[in-house]
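Novice: I am sharing entry.cif, which consists of mmCIF, N, CA and C atoms:
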```cif
data_my_file
#
loop_
_atom_site.label_atom_id
_atom_site.label_comp_id
_atom_site.auth_asym_id
_atom_site.auth_seq_id
_atom_site.Cartn_x
_atom_site.Cartn_y
_atom_site.Cartn_z
N MET E 253 155.99 -77.33 42.50
CA MET E 253 155.11 -77.31 41.36
C MET E 253 154.16 -78.51 41.44
N ILE E 254 152.89 -78.24 41.24
CA ILE E 254 151.88 -79.30 41.27
C ILE E 254 151.47 -79.62 39.84
N ASN E 255 151.55 -80.89 39.49
CA ASN E 255 151.27 -81.36 38.14
C ASN E 255 149.86 -81.00 37.69
N ASP E 256 149.75 -80.44 36.50
CA ASP E 256 148.49 -80.07 35.83
C ASP E 256 147.75 -78.91 36.50
N LEU E 257 148.26 -78.37 37.60
CA LEU E 257 147.63 -77.22 38.24
C LEU E 257 147.90 -75.97 37.41
N VAL E 258 146.86 -75.18 37.21
CA VAL E 258 147.00 -73.89 36.55
C VAL E 258 146.93 -72.80 37.61
N SER E 259 147.95 -71.97 37.66
CA SER E 259 147.97 -70.81 38.55
C SER E 259 147.50 -69.61 37.74
N ILE E 260 146.33 -69.11 38.10
CA ILE E 260 145.74 -67.96 37.41
C ILE E 260 146.16 -66.71 38.18
N ILE E 261 146.83 -65.80 37.50
CA ILE E 261 147.34 -64.60 38.15
C ILE E 261 146.55 -63.39 37.65
N ILE E 262 145.99 -62.66 38.62
CA ILE E 262 145.19 -61.47 38.31
C ILE E 262 145.82 -60.26 38.98
N PRO E 263 146.52 -59.39 38.22
CA PRO E 263 146.97 -58.14 38.82
C PRO E 263 145.77 -57.20 38.94
N TYR E 264 145.63 -56.58 40.09
CA TYR E 264 144.45 -55.73 40.34
C TYR E 264 144.87 -54.31 40.69
N TYR E 265 144.32 -53.36 39.95
CA TYR E 265 144.51 -51.95 40.26
C TYR E 265 143.28 -51.18 39.79
N LYS E 266 142.47 -50.73 40.74
CA LYS E 266 141.31 -49.86 40.48
C LYS E 266 140.38 -50.39 39.37
N LYS E 267 139.95 -51.61 39.49
CA LYS E 267 139.06 -52.21 38.48
C LYS E 267 137.82 -52.82 39.13
N ASN E 268 137.34 -52.25 40.24
CA ASN E 268 136.25 -52.90 40.96
C ASN E 268 134.97 -53.05 40.14
N CYS E 269 134.74 -52.19 39.16
CA CYS E 269 133.51 -52.32 38.37
C CYS E 269 133.56 -53.52 37.41
N PHE E 270 134.75 -54.05 37.14
CA PHE E 270 134.91 -55.20 36.25
C PHE E 270 135.28 -56.48 36.99
N PHE E 271 135.77 -56.35 38.20
CA PHE E 271 136.41 -57.48 38.87
C PHE E 271 135.50 -58.67 39.10
N LEU E 272 134.26 -58.46 39.47
CA LEU E 272 133.38 -59.59 39.75
C LEU E 272 133.25 -60.50 38.53
N ASP E 273 133.03 -59.93 37.36
CA ASP E 273 132.92 -60.74 36.13
C ASP E 273 134.24 -61.45 35.83
N CYS E 274 135.34 -60.74 36.01
CA CYS E 274 136.66 -61.34 35.80
C CYS E 274 136.86 -62.53 36.72
N PHE E 275 136.64 -62.32 38.00
CA PHE E 275 136.86 -63.37 38.98
C PHE E 275 135.97 -64.58 38.71
N LYS E 276 134.69 -64.35 38.46
CA LYS E 276 133.78 -65.46 38.19
C LYS E 276 134.22 -66.25 36.96
N SER E 277 134.68 -65.54 35.92
CA SER E 277 135.08 -66.24 34.70
C SER E 277 136.31 -67.11 34.94
N ALA E 278 137.17 -66.71 35.85
CA ALA E 278 138.35 -67.52 36.18
C ALA E 278 137.98 -68.64 37.15
N TYR E 279 137.21 -68.32 38.16
CA TYR E 279 136.89 -69.28 39.21
C TYR E 279 136.00 -70.42 38.70
N PHE E 280 135.06 -70.11 37.84
CA PHE E 280 134.10 -71.11 37.38
C PHE E 280 134.48 -71.72 36.03
N GLN E 281 135.76 -71.80 35.75
CA GLN E 281 136.23 -72.48 34.55
C GLN E 281 135.86 -73.96 34.61
N SER E 282 135.64 -74.57 33.45
CA SER E 282 135.35 -76.01 33.42
C SER E 282 136.59 -76.80 33.82
N TYR E 283 137.77 -76.26 33.64
CA TYR E 283 139.02 -76.88 34.09
C TYR E 283 139.11 -76.64 35.59
N LYS E 284 139.13 -77.70 36.36
CA LYS E 284 138.98 -77.58 37.82
C LYS E 284 140.28 -77.51 38.61
N LYS E 285 141.39 -77.96 38.04
CA LYS E 285 142.64 -78.01 38.80
C LYS E 285 143.36 -76.66 38.67
N LYS E 286 142.97 -75.72 39.55
CA LYS E 286 143.48 -74.36 39.43
C LYS E 286 143.57 -73.68 40.78
N GLU E 287 144.41 -72.67 40.83
CA GLU E 287 144.48 -71.75 41.95
C GLU E 287 144.41 -70.35 41.36
N ILE E 288 143.88 -69.41 42.13
CA ILE E 288 143.79 -68.03 41.68
C ILE E 288 144.61 -67.18 42.63
N ILE E 289 145.50 -66.39 42.06
CA ILE E 289 146.35 -65.50 42.85
C ILE E 289 146.06 -64.07 42.39
N ILE E 290 145.49 -63.30 43.29
CA ILE E 290 145.17 -61.90 43.00
C ILE E 290 146.28 -61.05 43.60
N ILE E 291 146.89 -60.22 42.78
CA ILE E 291 147.94 -59.32 43.24
C ILE E 291 147.31 -57.93 43.34
N TYR E 292 147.02 -57.52 44.58
CA TYR E 292 146.40 -56.21 44.82
C TYR E 292 147.50 -55.16 44.76
N ASP E 293 147.45 -54.33 43.73
CA ASP E 293 148.55 -53.41 43.42
C ASP E 293 148.16 -51.95 43.61
N ASP E 294 147.49 -51.65 44.70
CA ASP E 294 147.03 -50.29 44.98
C ASP E 294 147.37 -49.95 46.42
N GLU E 295 148.07 -48.86 46.62
CA GLU E 295 148.42 -48.44 47.98
C GLU E 295 147.17 -48.07 48.79
N ASN E 296 146.13 -47.62 48.10
CA ASN E 296 144.84 -47.35 48.74
C ASN E 296 144.14 -48.71 48.94
N LEU E 297 143.91 -49.07 50.18
CA LEU E 297 143.36 -50.41 50.47
C LEU E 297 141.84 -50.45 50.49
N GLU E 298 141.19 -49.39 50.07
CA GLU E 298 139.72 -49.32 50.11
C GLU E 298 139.06 -50.42 49.29
N GLU E 299 139.53 -50.67 48.07
CA GLU E 299 138.91 -51.68 47.22
C GLU E 299 139.27 -53.10 47.63
N LEU E 300 140.27 -53.25 48.48
CA LEU E 300 140.66 -54.56 48.98
C LEU E 300 139.52 -55.21 49.76
N LYS E 301 138.73 -54.42 50.45
CA LYS E 301 137.56 -54.96 51.18
C LYS E 301 136.60 -55.64 50.21
N TYR E 302 136.38 -55.00 49.08
CA TYR E 302 135.49 -55.56 48.05
C TYR E 302 136.05 -56.88 47.52
N ILE E 303 137.34 -56.92 47.23
CA ILE E 303 137.99 -58.13 46.72
C ILE E 303 137.85 -59.27 47.74
N LYS E 304 138.12 -58.96 49.00
CA LYS E 304 138.02 -59.97 50.06
C LYS E 304 136.60 -60.47 50.22
N LYS E 305 135.62 -59.58 50.07
CA LYS E 305 134.21 -59.99 50.19
C LYS E 305 133.85 -60.99 49.09
N ILE E 306 134.28 -60.73 47.88
CA ILE E 306 133.98 -61.62 46.75
C ILE E 306 134.67 -62.97 46.90
N THR E 307 135.88 -62.99 47.41
CA THR E 307 136.71 -64.20 47.41
C THR E 307 136.71 -64.95 48.73
N SER E 308 136.08 -64.40 49.76
CA SER E 308 136.25 -64.92 51.13
C SER E 308 135.89 -66.39 51.32
N LYS E 309 134.90 -66.88 50.65
CA LYS E 309 134.48 -68.27 50.87
C LYS E 309 134.86 -69.19 49.73
N LYS E 310 135.77 -68.73 48.90
CA LYS E 310 136.19 -69.52 47.75
C LYS E 310 137.48 -70.26 48.05
N ARG E 311 137.56 -71.48 47.57
CA ARG E 311 138.76 -72.31 47.77
C ARG E 311 139.83 -71.96 46.75
N ASN E 312 141.07 -72.20 47.14
CA ASN E 312 142.22 -72.04 46.25
C ASN E 312 142.36 -70.62 45.69
N VAL E 313 142.06 -69.63 46.53
CA VAL E 313 142.24 -68.24 46.15
C VAL E 313 143.17 -67.59 47.16
N LYS E 314 144.18 -66.92 46.64
CA LYS E 314 145.14 -66.23 47.49
C LYS E 314 145.21 -64.77 47.05
N ILE E 315 145.26 -63.86 48.02
CA ILE E 315 145.44 -62.44 47.73
C ILE E 315 146.81 -62.01 48.26
N VAL E 316 147.59 -61.42 47.39
CA VAL E 316 148.89 -60.86 47.77
C VAL E 316 148.75 -59.34 47.65
N VAL E 317 149.08 -58.62 48.71
CA VAL E 317 148.97 -57.16 48.71
C VAL E 317 150.37 -56.57 48.55
N ASN E 318 150.58 -55.87 47.45
CA ASN E 318 151.87 -55.21 47.24
C ASN E 318 152.06 -54.08 48.23
N LYS E 319 153.29 -53.85 48.65
CA LYS E 319 153.60 -52.77 49.58
C LYS E 319 153.46 -51.40 48.93
N LYS E 320 153.62 -51.35 47.61
CA LYS E 320 153.41 -50.13 46.85
C LYS E 320 152.93 -50.52 45.46
N ASN E 321 152.58 -49.53 44.65
CA ASN E 321 152.10 -49.79 43.30
C ASN E 321 153.29 -50.12 42.39
N TYR E 322 153.36 -51.37 41.91
CA TYR E 322 154.44 -51.82 41.05
C TYR E 322 154.06 -51.84 39.57
N GLY E 323 152.79 -51.87 39.27
CA GLY E 323 152.35 -52.02 37.89
C GLY E 323 152.05 -53.48 37.57
N ALA E 324 151.39 -53.67 36.43
CA ALA E 324 150.89 -55.01 36.07
C ALA E 324 152.02 -56.01 35.84
N GLY E 325 153.09 -55.60 35.15
CA GLY E 325 154.17 -56.54 34.83
C GLY E 325 154.85 -57.10 36.06
N GLN E 326 155.26 -56.21 36.96
CA GLN E 326 155.93 -56.69 38.17
C GLN E 326 154.95 -57.44 39.08
N SER E 327 153.69 -57.04 39.07
CA SER E 327 152.68 -57.77 39.85
C SER E 327 152.52 -59.19 39.33
N ARG E 328 152.56 -59.36 38.03
CA ARG E 328 152.50 -60.71 37.45
C ARG E 328 153.70 -61.54 37.92
N ASN E 329 154.88 -60.93 37.93
CA ASN E 329 156.07 -61.65 38.41
C ASN E 329 155.94 -62.04 39.87
N ILE E 330 155.36 -61.17 40.69
CA ILE E 330 155.10 -61.50 42.10
C ILE E 330 154.13 -62.68 42.18
N GLY E 331 153.13 -62.68 41.30
CA GLY E 331 152.18 -63.80 41.25
C GLY E 331 152.86 -65.11 40.87
N ILE E 332 153.77 -65.06 39.93
CA ILE E 332 154.50 -66.27 39.52
C ILE E 332 155.28 -66.82 40.70
N LYS E 333 155.92 -65.96 41.46
CA LYS E 333 156.69 -66.41 42.63
C LYS E 333 155.79 -67.05 43.69
N SER E 334 154.53 -66.65 43.74
CA SER E 334 153.58 -67.21 44.71
C SER E 334 152.86 -68.44 44.19
N SER E 335 153.09 -68.79 42.93
CA SER E 335 152.31 -69.86 42.30
C SER E 335 152.86 -71.24 42.62
N LYS E 336 151.98 -72.23 42.50
CA LYS E 336 152.34 -73.63 42.70
C LYS E 336 152.10 -74.46 41.46
N GLY E 337 151.53 -73.86 40.42
CA GLY E 337 151.09 -74.61 39.26
C GLY E 337 152.17 -74.93 38.26
N GLU E 338 151.90 -75.98 37.51
CA GLU E 338 152.76 -76.34 36.38
C GLU E 338 152.54 -75.34 35.24
N PHE E 339 151.32 -74.81 35.16
CA PHE E 339 150.96 -73.85 34.12
C PHE E 339 150.63 -72.51 34.78
N ILE E 340 150.93 -71.42 34.07
CA ILE E 340 150.62 -70.07 34.52
C ILE E 340 149.66 -69.46 33.50
N ALA E 341 148.61 -68.83 33.99
CA ALA E 341 147.66 -68.13 33.11
C ALA E 341 147.46 -66.72 33.66
N PHE E 342 147.52 -65.75 32.77
CA PHE E 342 147.31 -64.36 33.17
C PHE E 342 145.95 -63.87 32.69
N ILE E 343 145.27 -63.15 33.55
CA ILE E 343 144.05 -62.45 33.16
C ILE E 343 144.05 -61.11 33.89
N ASP E 344 143.78 -60.05 33.16
CA ASP E 344 143.70 -58.73 33.78
C ASP E 344 142.34 -58.56 34.45
N ALA E 345 142.29 -57.71 35.43
CA ALA E 345 141.09 -57.57 36.27
C ALA E 345 139.90 -56.98 35.52
N ASP E 346 140.10 -56.47 34.33
CA ASP E 346 138.98 -55.96 33.53
C ASP E 346 138.68 -56.85 32.33
N ASP E 347 139.15 -58.10 32.37
CA ASP E 347 138.89 -59.07 31.31
C ASP E 347 138.06 -60.22 31.84
N PHE E 348 137.54 -61.04 30.94
CA PHE E 348 136.88 -62.28 31.36
C PHE E 348 137.14 -63.36 30.32
N TRP E 349 137.01 -64.60 30.77
CA TRP E 349 137.24 -65.76 29.92
C TRP E 349 135.94 -66.51 29.68
N TYR E 350 135.88 -67.20 28.53
CA TYR E 350 134.81 -68.15 28.29
C TYR E 350 135.05 -69.38 29.15
N LYS E 351 133.99 -70.09 29.46
CA LYS E 351 134.00 -71.17 30.44
C LYS E 351 135.03 -72.27 30.14
N ASN E 352 135.26 -72.61 28.89
CA ASN E 352 136.17 -73.70 28.54
C ASN E 352 137.56 -73.24 28.12
N LYS E 353 137.88 -71.99 28.33
CA LYS E 353 139.16 -71.44 27.87
C LYS E 353 140.35 -72.25 28.37
N LEU E 354 140.45 -72.47 29.68
CA LEU E 354 141.60 -73.20 30.22
C LEU E 354 141.61 -74.65 29.78
N LYS E 355 140.47 -75.30 29.82
CA LYS E 355 140.39 -76.71 29.41
C LYS E 355 140.87 -76.87 27.97
N ASP E 356 140.40 -76.03 27.08
CA ASP E 356 140.79 -76.11 25.68
C ASP E 356 142.28 -75.79 25.50
N GLN E 357 142.75 -74.77 26.20
CA GLN E 357 144.13 -74.36 26.03
C GLN E 357 145.11 -75.39 26.61
N ILE E 358 144.81 -75.92 27.78
CA ILE E 358 145.68 -76.94 28.39
C ILE E 358 145.67 -78.21 27.54
N SER E 359 144.50 -78.61 27.06
CA SER E 359 144.42 -79.79 26.18
C SER E 359 145.27 -79.60 24.92
N PHE E 360 145.17 -78.42 24.32
CA PHE E 360 145.96 -78.12 23.12
C PHE E 360 147.45 -78.20 23.43
N MET E 361 147.87 -77.62 24.54
CA MET E 361 149.29 -77.60 24.88
C MET E 361 149.83 -79.01 25.13
N LYS E 362 149.06 -79.81 25.83
CA LYS E 362 149.51 -81.19 26.11
C LYS E 362 149.53 -82.03 24.84
N LEU E 363 148.49 -81.91 24.04
CA LEU E 363 148.38 -82.68 22.80
C LEU E 363 149.54 -82.36 21.84
N ASN E 364 149.92 -81.09 21.79
CA ASN E 364 150.94 -80.64 20.86
C ASN E 364 152.32 -80.47 21.50
N ASN E 365 152.42 -80.85 22.78
CA ASN E 365 153.69 -80.80 23.50
C ASN E 365 154.37 -79.42 23.39
N VAL E 366 153.59 -78.38 23.69
CA VAL E 366 154.13 -77.01 23.67
C VAL E 366 154.15 -76.45 25.09
N ASP E 367 155.10 -75.59 25.33
CA ASP E 367 155.28 -75.02 26.67
C ASP E 367 154.58 -73.69 26.87
N ILE E 368 154.20 -73.02 25.80
CA ILE E 368 153.57 -71.71 25.91
C ILE E 368 152.52 -71.57 24.82
N SER E 369 151.45 -70.88 25.15
CA SER E 369 150.41 -70.60 24.16
C SER E 369 149.70 -69.32 24.56
N TYR E 370 148.96 -68.78 23.64
CA TYR E 370 148.15 -67.60 23.92
C TYR E 370 146.89 -67.67 23.08
N THR E 371 145.95 -66.82 23.38
CA THR E 371 144.71 -66.80 22.62
C THR E 371 144.44 -65.38 22.15
N SER E 372 143.63 -65.25 21.12
CA SER E 372 143.19 -63.94 20.68
C SER E 372 142.06 -63.48 21.59
N TYR E 373 141.55 -62.30 21.36
CA TYR E 373 140.51 -61.78 22.23
C TYR E 373 139.57 -60.84 21.49
N LYS E 374 138.38 -60.72 22.03
CA LYS E 374 137.40 -59.78 21.53
C LYS E 374 137.46 -58.52 22.40
N ILE E 375 137.20 -57.39 21.79
CA ILE E 375 137.18 -56.12 22.52
C ILE E 375 135.73 -55.66 22.64
N ILE E 376 135.32 -55.36 23.87
CA ILE E 376 133.97 -54.83 24.10
C ILE E 376 134.10 -53.48 24.81
N ASN E 377 133.08 -52.67 24.67
CA ASN E 377 133.12 -51.37 25.33
C ASN E 377 132.37 -51.43 26.67
N GLU E 378 132.23 -50.28 27.30
CA GLU E 378 131.59 -50.22 28.62
C GLU E 378 130.14 -50.69 28.61
N LYS E 379 129.50 -50.67 27.43
CA LYS E 379 128.11 -51.10 27.30
C LYS E 379 128.00 -52.56 26.90
N ASN E 380 129.14 -53.30 27.00
CA ASN E 380 129.22 -54.71 26.67
C ASN E 380 128.96 -54.98 25.19
N LYS E 381 129.25 -53.99 24.34
CA LYS E 381 129.06 -54.12 22.89
C LYS E 381 130.40 -54.48 22.25
N TYR E 382 130.38 -55.48 21.38
CA TYR E 382 131.56 -55.93 20.64
C TYR E 382 132.05 -54.80 19.73
N VAL E 383 133.34 -54.44 19.84
CA VAL E 383 133.88 -53.35 19.02
C VAL E 383 135.15 -53.74 18.25
N GLY E 384 135.65 -54.97 18.43
CA GLY E 384 136.85 -55.35 17.69
C GLY E 384 137.37 -56.71 18.10
N PHE E 385 138.47 -57.11 17.46
CA PHE E 385 139.05 -58.44 17.66
C PHE E 385 140.56 -58.33 17.49
N ARG E 386 141.31 -59.01 18.32
CA ARG E 386 142.77 -59.04 18.17
C ARG E 386 143.26 -60.46 18.32
#
```
In structure tokens, what does this structure look like?
Specialist:
Amino acid sequence: MINDLVSIIIPYYKKNCFFLDCFKSAYFQSYKKKEIIIIYDDENLEELKYIKKITSKKRNVKIVVNKKNYGAGQSRNIGIKSSKGEFIAFIDADDFWYKNKLKDQISFMKLNNVDISYTSYKIINEKNKYVGFR
């Protein structure tokens, strides 16, 4: 475990139309001490080429290819086993984060001495229109 490192785990299954925005939002966080672990969870390896193209020249990015489709939950667990961070953060391949999400969340956790936290989220549709909040 590396102190203050955040291991960002992205389970991936057939989300290539959203993945670039997801990846950029995780990779370009203002919090810099991070690694990204993408769990490719599709037996069809066609979209893996796209993932590798996006991530090929980026530092601290690892791709784990599942032998079969396990689903998001088990893929997250595989990501945890591959992680080196003190903190674990999950983001689905069709989601994105605001730039300061990790910095704010890690600061809050350290300041309040808590081991786990979560955030609410906005729901947008395919046209990038806000449709709800949770």
Novice: Evaluating the PyMOL selection byres (((chain E and resi 307 and name CA) around 12) and name CA) on the displayed file yields which residues, as a list in words?
Specialist: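 This file, filtered by the PyMOL selection byres (((chain E and resi 307 and name CA) around 12) and name CA), leaves Phe271, Leu272, Cys274, Phe275, Lys276, Ala278, Tyr279, Ile288, Ile289, Ile290, Leu300, Lys301, Tyr302, Ile303, Lys304, Lys305, Ile306, Ser308, Lys309, Lys310, Arg311, Asn312, Val313, Lys314 and Ile315 of chain E.
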Novice: Identify all residues satisfying the PyMOL selection byres (((chain E and resi 355 and name CA) around 12) and name CA) in the given file; provide them as a PDB file with N, CA and C atoms, in the frame of the given file.
Specialist:
```pdb
ATOM      1  N   ASP E 256     149.750 -80.440  36.500  1.00  0.00           N
ATOM      2  CA  ASP E 256     148.490 -80.070  35.830  1.00  0.00           C
ATOM      3  C   ASP E 256     147.750 -78.910  36.500  1.00  0.00           C
ATOM      4  N   LEU E 257     148.260 -78.370  37.600  1.00  0.00           N
ATOM      5  CA  LEU E 257     147.630 -77.220  38.240  1.00  0.00           C
ATOM      6  C   LEU E 257     147.900 -75.970  37.410  1.00  0.00           C
ATOM      7  N   VAL E 258     146.860 -75.180  37.210  1.00  0.00           N
ATOM      8  CA  VAL E 258     147.000 -73.890  36.550  1.00  0.00           C
ATOM      9  C   VAL E 258     146.930 -72.800  37.610  1.00  0.00           C
ATOM     10  N   ALA E 278     137.170 -66.710  35.850  1.00  0.00           N
ATOM     11  CA  ALA E 278     138.350 -67.520  36.180  1.00  0.00           C
ATOM     12  C   ALA E 278     137.980 -68.640  37.150  1.00  0.00           C
ATOM     13  N   PHE E 280     135.060 -70.110  37.840  1.00  0.00           N
ATOM     14  CA  PHE E 280     134.100 -71.110  37.380  1.00  0.00           C
ATOM     15  C   PHE E 280     134.480 -71.720  36.030  1.00  0.00           C
ATOM     16  N   GLN E 281     135.760 -71.800  35.750  1.00  0.00           N
ATOM     17  CA  GLN E 281     136.230 -72.480  34.550  1.00  0.00           C
ATOM     18  C   GLN E 281     135.860 -73.960  34.610  1.00  0.00           C
ATOM     19  N   SER E 282     135.640 -74.570  33.450  1.00  0.00           N
ATOM     20  CA  SER E 282     135.350 -76.010  33.420  1.00  0.00           C
ATOM     21  C   SER E 282     136.590 -76.800  33.820  1.00  0.00           C
ATOM     22  N   TYR E 283     137.770 -76.260  33.640  1.00  0.00           N
ATOM     23  CA  TYR E 283     139.020 -76.880  34.090  1.00  0.00           C
ATOM     24  C   TYR E 283     139.110 -76.640  35.590  1.00  0.00           C
ATOM     25  N   LYS E 284     139.130 -77.700  36.360  1.00  0.00           N
ATOM     26  CA  LYS E 284     138.980 -77.580  37.820  1.00  0.00           C
ATOM     27  C   LYS E 284     140.280 -77.510  38.610  1.00  0.00           C
ATOM     28  N   LYS E 285     141.390 -77.960  38.040  1.00  0.00           N
ATOM     29  CA  LYS E 285     142.640 -78.010  38.800  1.00  0.00           C
ATOM     30  C   LYS E 285     143.360 -76.660  38.670  1.00  0.00           C
ATOM     31  N   LYS E 286     142.970 -75.720  39.550  1.00  0.00           N
ATOM     32  CA  LYS E 286     143.480 -74.360  39.430  1.00  0.00           C
ATOM     33  C   LYS E 286     143.570 -73.680  40.780  1.00  0.00           C
ATOM     34  N   PHE E 339     151.320 -74.810  35.160  1.00  0.00           N
ATOM     35  CA  PHE E 339     150.960 -73.850  34.120  1.00  0.00           C
ATOM     36  C   PHE E 339     150.630 -72.510  34.780  1.00  0.00           C
ATOM     37  N   ALA E 341     148.610 -68.830  33.990  1.00  0.00           N
ATOM     38  CA  ALA E 341     147.660 -68.130  33.110  1.00  0.00           C
ATOM     39  C   ALA E 341     147.460 -66.720  33.660  1.00  0.00           C
ATOM     40  N   TRP E 349     137.010 -64.600  30.770  1.00  0.00           N
ATOM     41  CA  TRP E 349     137.240 -65.760  29.920  1.00  0.00           C
ATOM     42  C   TRP E 349     135.940 -66.510  29.680  1.00  0.00           C
ATOM     43  N   TYR E 350     135.880 -67.200  28.530  1.00  0.00           N
ATOM     44  CA  TYR E 350     134.810 -68.150  28.290  1.00  0.00           C
ATOM     45  C   TYR E 350     135.050 -69.380  29.150  1.00  0.00           C
ATOM     46  N   LYS E 351     133.990 -70.090  29.460  1.00  0.00           N
ATOM     47  CA  LYS E 351     134.000 -71.170  30.440  1.00  0.00           C
ATOM     48  C   LYS E 351     135.030 -72.270  30.140  1.00  0.00           C
ATOM     49  N   ASN E 352     135.260 -72.610  28.890  1.00  0.00           N
ATOM     50  CA  ASN E 352     136.170 -73.700  28.540  1.00  0.00           C
ATOM     51  C   ASN E 352     137.560 -73.240  28.120  1.00  0.00           C
ATOM     52  N   LYS E 353     137.880 -71.990  28.330  1.00  0.00           N
ATOM     53  CA  LYS E 353     139.160 -71.440  27.870  1.00  0.00           C
ATOM     54  C   LYS E 353     140.350 -72.250  28.370  1.00  0.00           C
ATOM     55  N   LEU E 354     140.450 -72.470  29.680  1.00  0.00           N
ATOM     56  CA  LEU E 354     141.600 -73.200  30.220  1.00  0.00           C
ATOM     57  C   LEU E 354     141.610 -74.650  29.780  1.00  0.00           C
ATOM     58  N   ASP E 356     140.400 -76.030  27.080  1.00  0.00           N
ATOM     59  CA  ASP E 356     140.790 -76.110  25.680  1.00  0.00           C
ATOM     60  C   ASP E 356     142.280 -75.790  25.500  1.00  0.00           C
ATOM     61  N   GLN E 357     142.750 -74.770  26.200  1.00  0.00           N
ATOM     62  CA  GLN E 357     144.130 -74.360  26.030  1.00  0.00           C
ATOM     63  C   GLN E 357     145.110 -75.390  26.610  1.00  0.00           C
ATOM     64  N   ILE E 358     144.810 -75.920  27.780  1.00  0.00           N
ATOM     65  CA  ILE E 358     145.680 -76.940  28.390  1.00  0.00           C
ATOM     66  C   ILE E 358     145.670 -78.210  27.540  1.00  0.00           C
ATOM     67  N   SER E 359     144.500 -78.610  27.060  1.00  0.00           N
ATOM     68  CA  SER E 359     144.420 -79.790  26.180  1.00  0.00           C
ATOM     69  C   SER E 359     145.270 -79.600  24.920  1.00  0.00           C
ATOM     70  N   PHE E 360     145.170 -78.420  24.320  1.00  0.00           N
ATOM     71  CA  PHE E 360     145.960 -78.120  23.120  1.00  0.00           C
ATOM     72  C   PHE E 360     147.450 -78.200  23.430  1.00  0.00           C
ATOM     73  N   MET E 361     147.870 -77.620  24.540  1.00  0.00           N
ATOM     74  CA  MET E 361     149.290 -77.600  24.880  1.00  0.00           C
ATOM     75  C   MET E 361     149.830 -79.010  25.130  1.00  0.00           C
ATOM     76  N   LYS E 362     149.060 -79.810  25.830  1.00  0.00           N
ATOM     77  CA  LYS E 362     149.510 -81.190  26.110  1.00  0.00           C
ATOM     78  C   LYS E 362     149.530 -82.030  24.840  1.00  0.00           C
ATOM     79  N   LEU E 363     148.490 -81.910  24.040  1.00  0.00           N
ATOM     80  CA  LEU E 363     148.380 -82.680  22.800  1.00  0.00           C
ATOM     81  C   LEU E 363     149.540 -82.360  21.840  1.00  0.00           C
TER      82      LEU E 363
END
```
Novice: Could you tell me how far atom CA of Tyr292 of chain E sits from atom N of Pro263 of chain E, in Å to one decimal place?
Specialist: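 Value for the atom N of Pro263 of chain E-atom CA of Tyr292 of chain E distance: 7.3 Å.
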Novice: Among the residues of segment 295-352 of chain E, find those DSSP assigns to strand (DSSP E or B) from the backbone and print them as JSON, numbers by chain.
Specialist: {"E": [313, 314, 315, 316, 317, 337, 338, 339, 340, 341, 342]}
Novice: Tell me which residues the PyMOL selection byres ((chain E and resi 320) around 7) grabs here, as a PyMOL selection string.
Specialist: chain E and resi 293-295+317-319+321-323
Novice: Select from segment 280-315 of chain E everything DSSP, run on the backbone, classes as alpha helix (DSSP H), then give the selection as a PyMOL selection string.
Specialist: chain E and resi 298-307
Novice: Next, write the just-selected residues to a file, as a compact mmCIF listing (two decimals), keeping the file's coordinate frame, keeping N, CA and C atoms as the atom set.
Specialist:
```
# COMPACT_ATOMS: atom_id res chain seq x y z
N GLU E 298 141.19 -49.39 50.07
CA GLU E 298 139.72 -49.32 50.11
C GLU E 298 139.06 -50.42 49.29
N GLU E 299 139.53 -50.67 48.07
CA GLU E 299 138.91 -51.68 47.22
C GLU E 299 139.27 -53.10 47.63
N LEU E 300 140.27 -53.25 48.48
CA LEU E 300 140.66 -54.56 48.98
C LEU E 300 139.52 -55.21 49.76
N LYS E 301 138.73 -54.42 50.45
CA LYS E 301 137.56 -54.96 51.18
C LYS E 301 136.60 -55.64 50.21
N TYR E 302 136.38 -55.00 49.08
CA TYR E 302 135.49 -55.56 48.05
C TYR E 302 136.05 -56.88 47.52
N ILE E 303 137.34 -56.92 47.23
CA ILE E 303 137.99 -58.13 46.72
C ILE E 303 137.85 -59.27 47.74
N LYS E 304 138.12 -58.96 49.00
CA LYS E 304 138.02 -59.97 50.06
C LYS E 304 136.60 -60.47 50.22
N LYS E 305 135.62 -59.58 50.07
CA LYS E 305 134.21 -59.99 50.19
C LYS E 305 133.85 -60.99 49.09
N ILE E 306 134.28 -60.73 47.88
CA ILE E 306 133.98 -61.62 46.75
C ILE E 306 134.67 -62.97 46.90
N THR E 307 135.88 -62.99 47.41
CA THR E 307 136.71 -64.20 47.41
C THR E 307 136.71 -64.95 48.73
```
Novice: How many Å lie between atom N of Glu378 of chain E and atom C of Glu287 of chain E, rounded to one decimal?
Specialist: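 Taking atom N of Glu378 of chain E as the start and atom C of Glu287 of chain E as the end point, the length is 27.4 Å.
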Novice: Enter the distance from atom CA of Asp347 of chain E to atom C of Asn364 of chain E, in Å, rounded to one decimal.
Specialist: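 Calculated distance between atom CA of Asp347 of chain E and atom C of Asn364 of chain E is 27.1 Å.
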Novice: Once you count only N, CA and C atoms, which residues end up no further than 6 Å from (143.0, -58.3, 35.1) in the file's frame, shown as a list in words?
Specialist: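 Residues lying no farther than 6 Å from the given point: Ile262, Pro263, Tyr264, Ile343, Asp344, Ala345, Asp346 and Asp347 of chain E.
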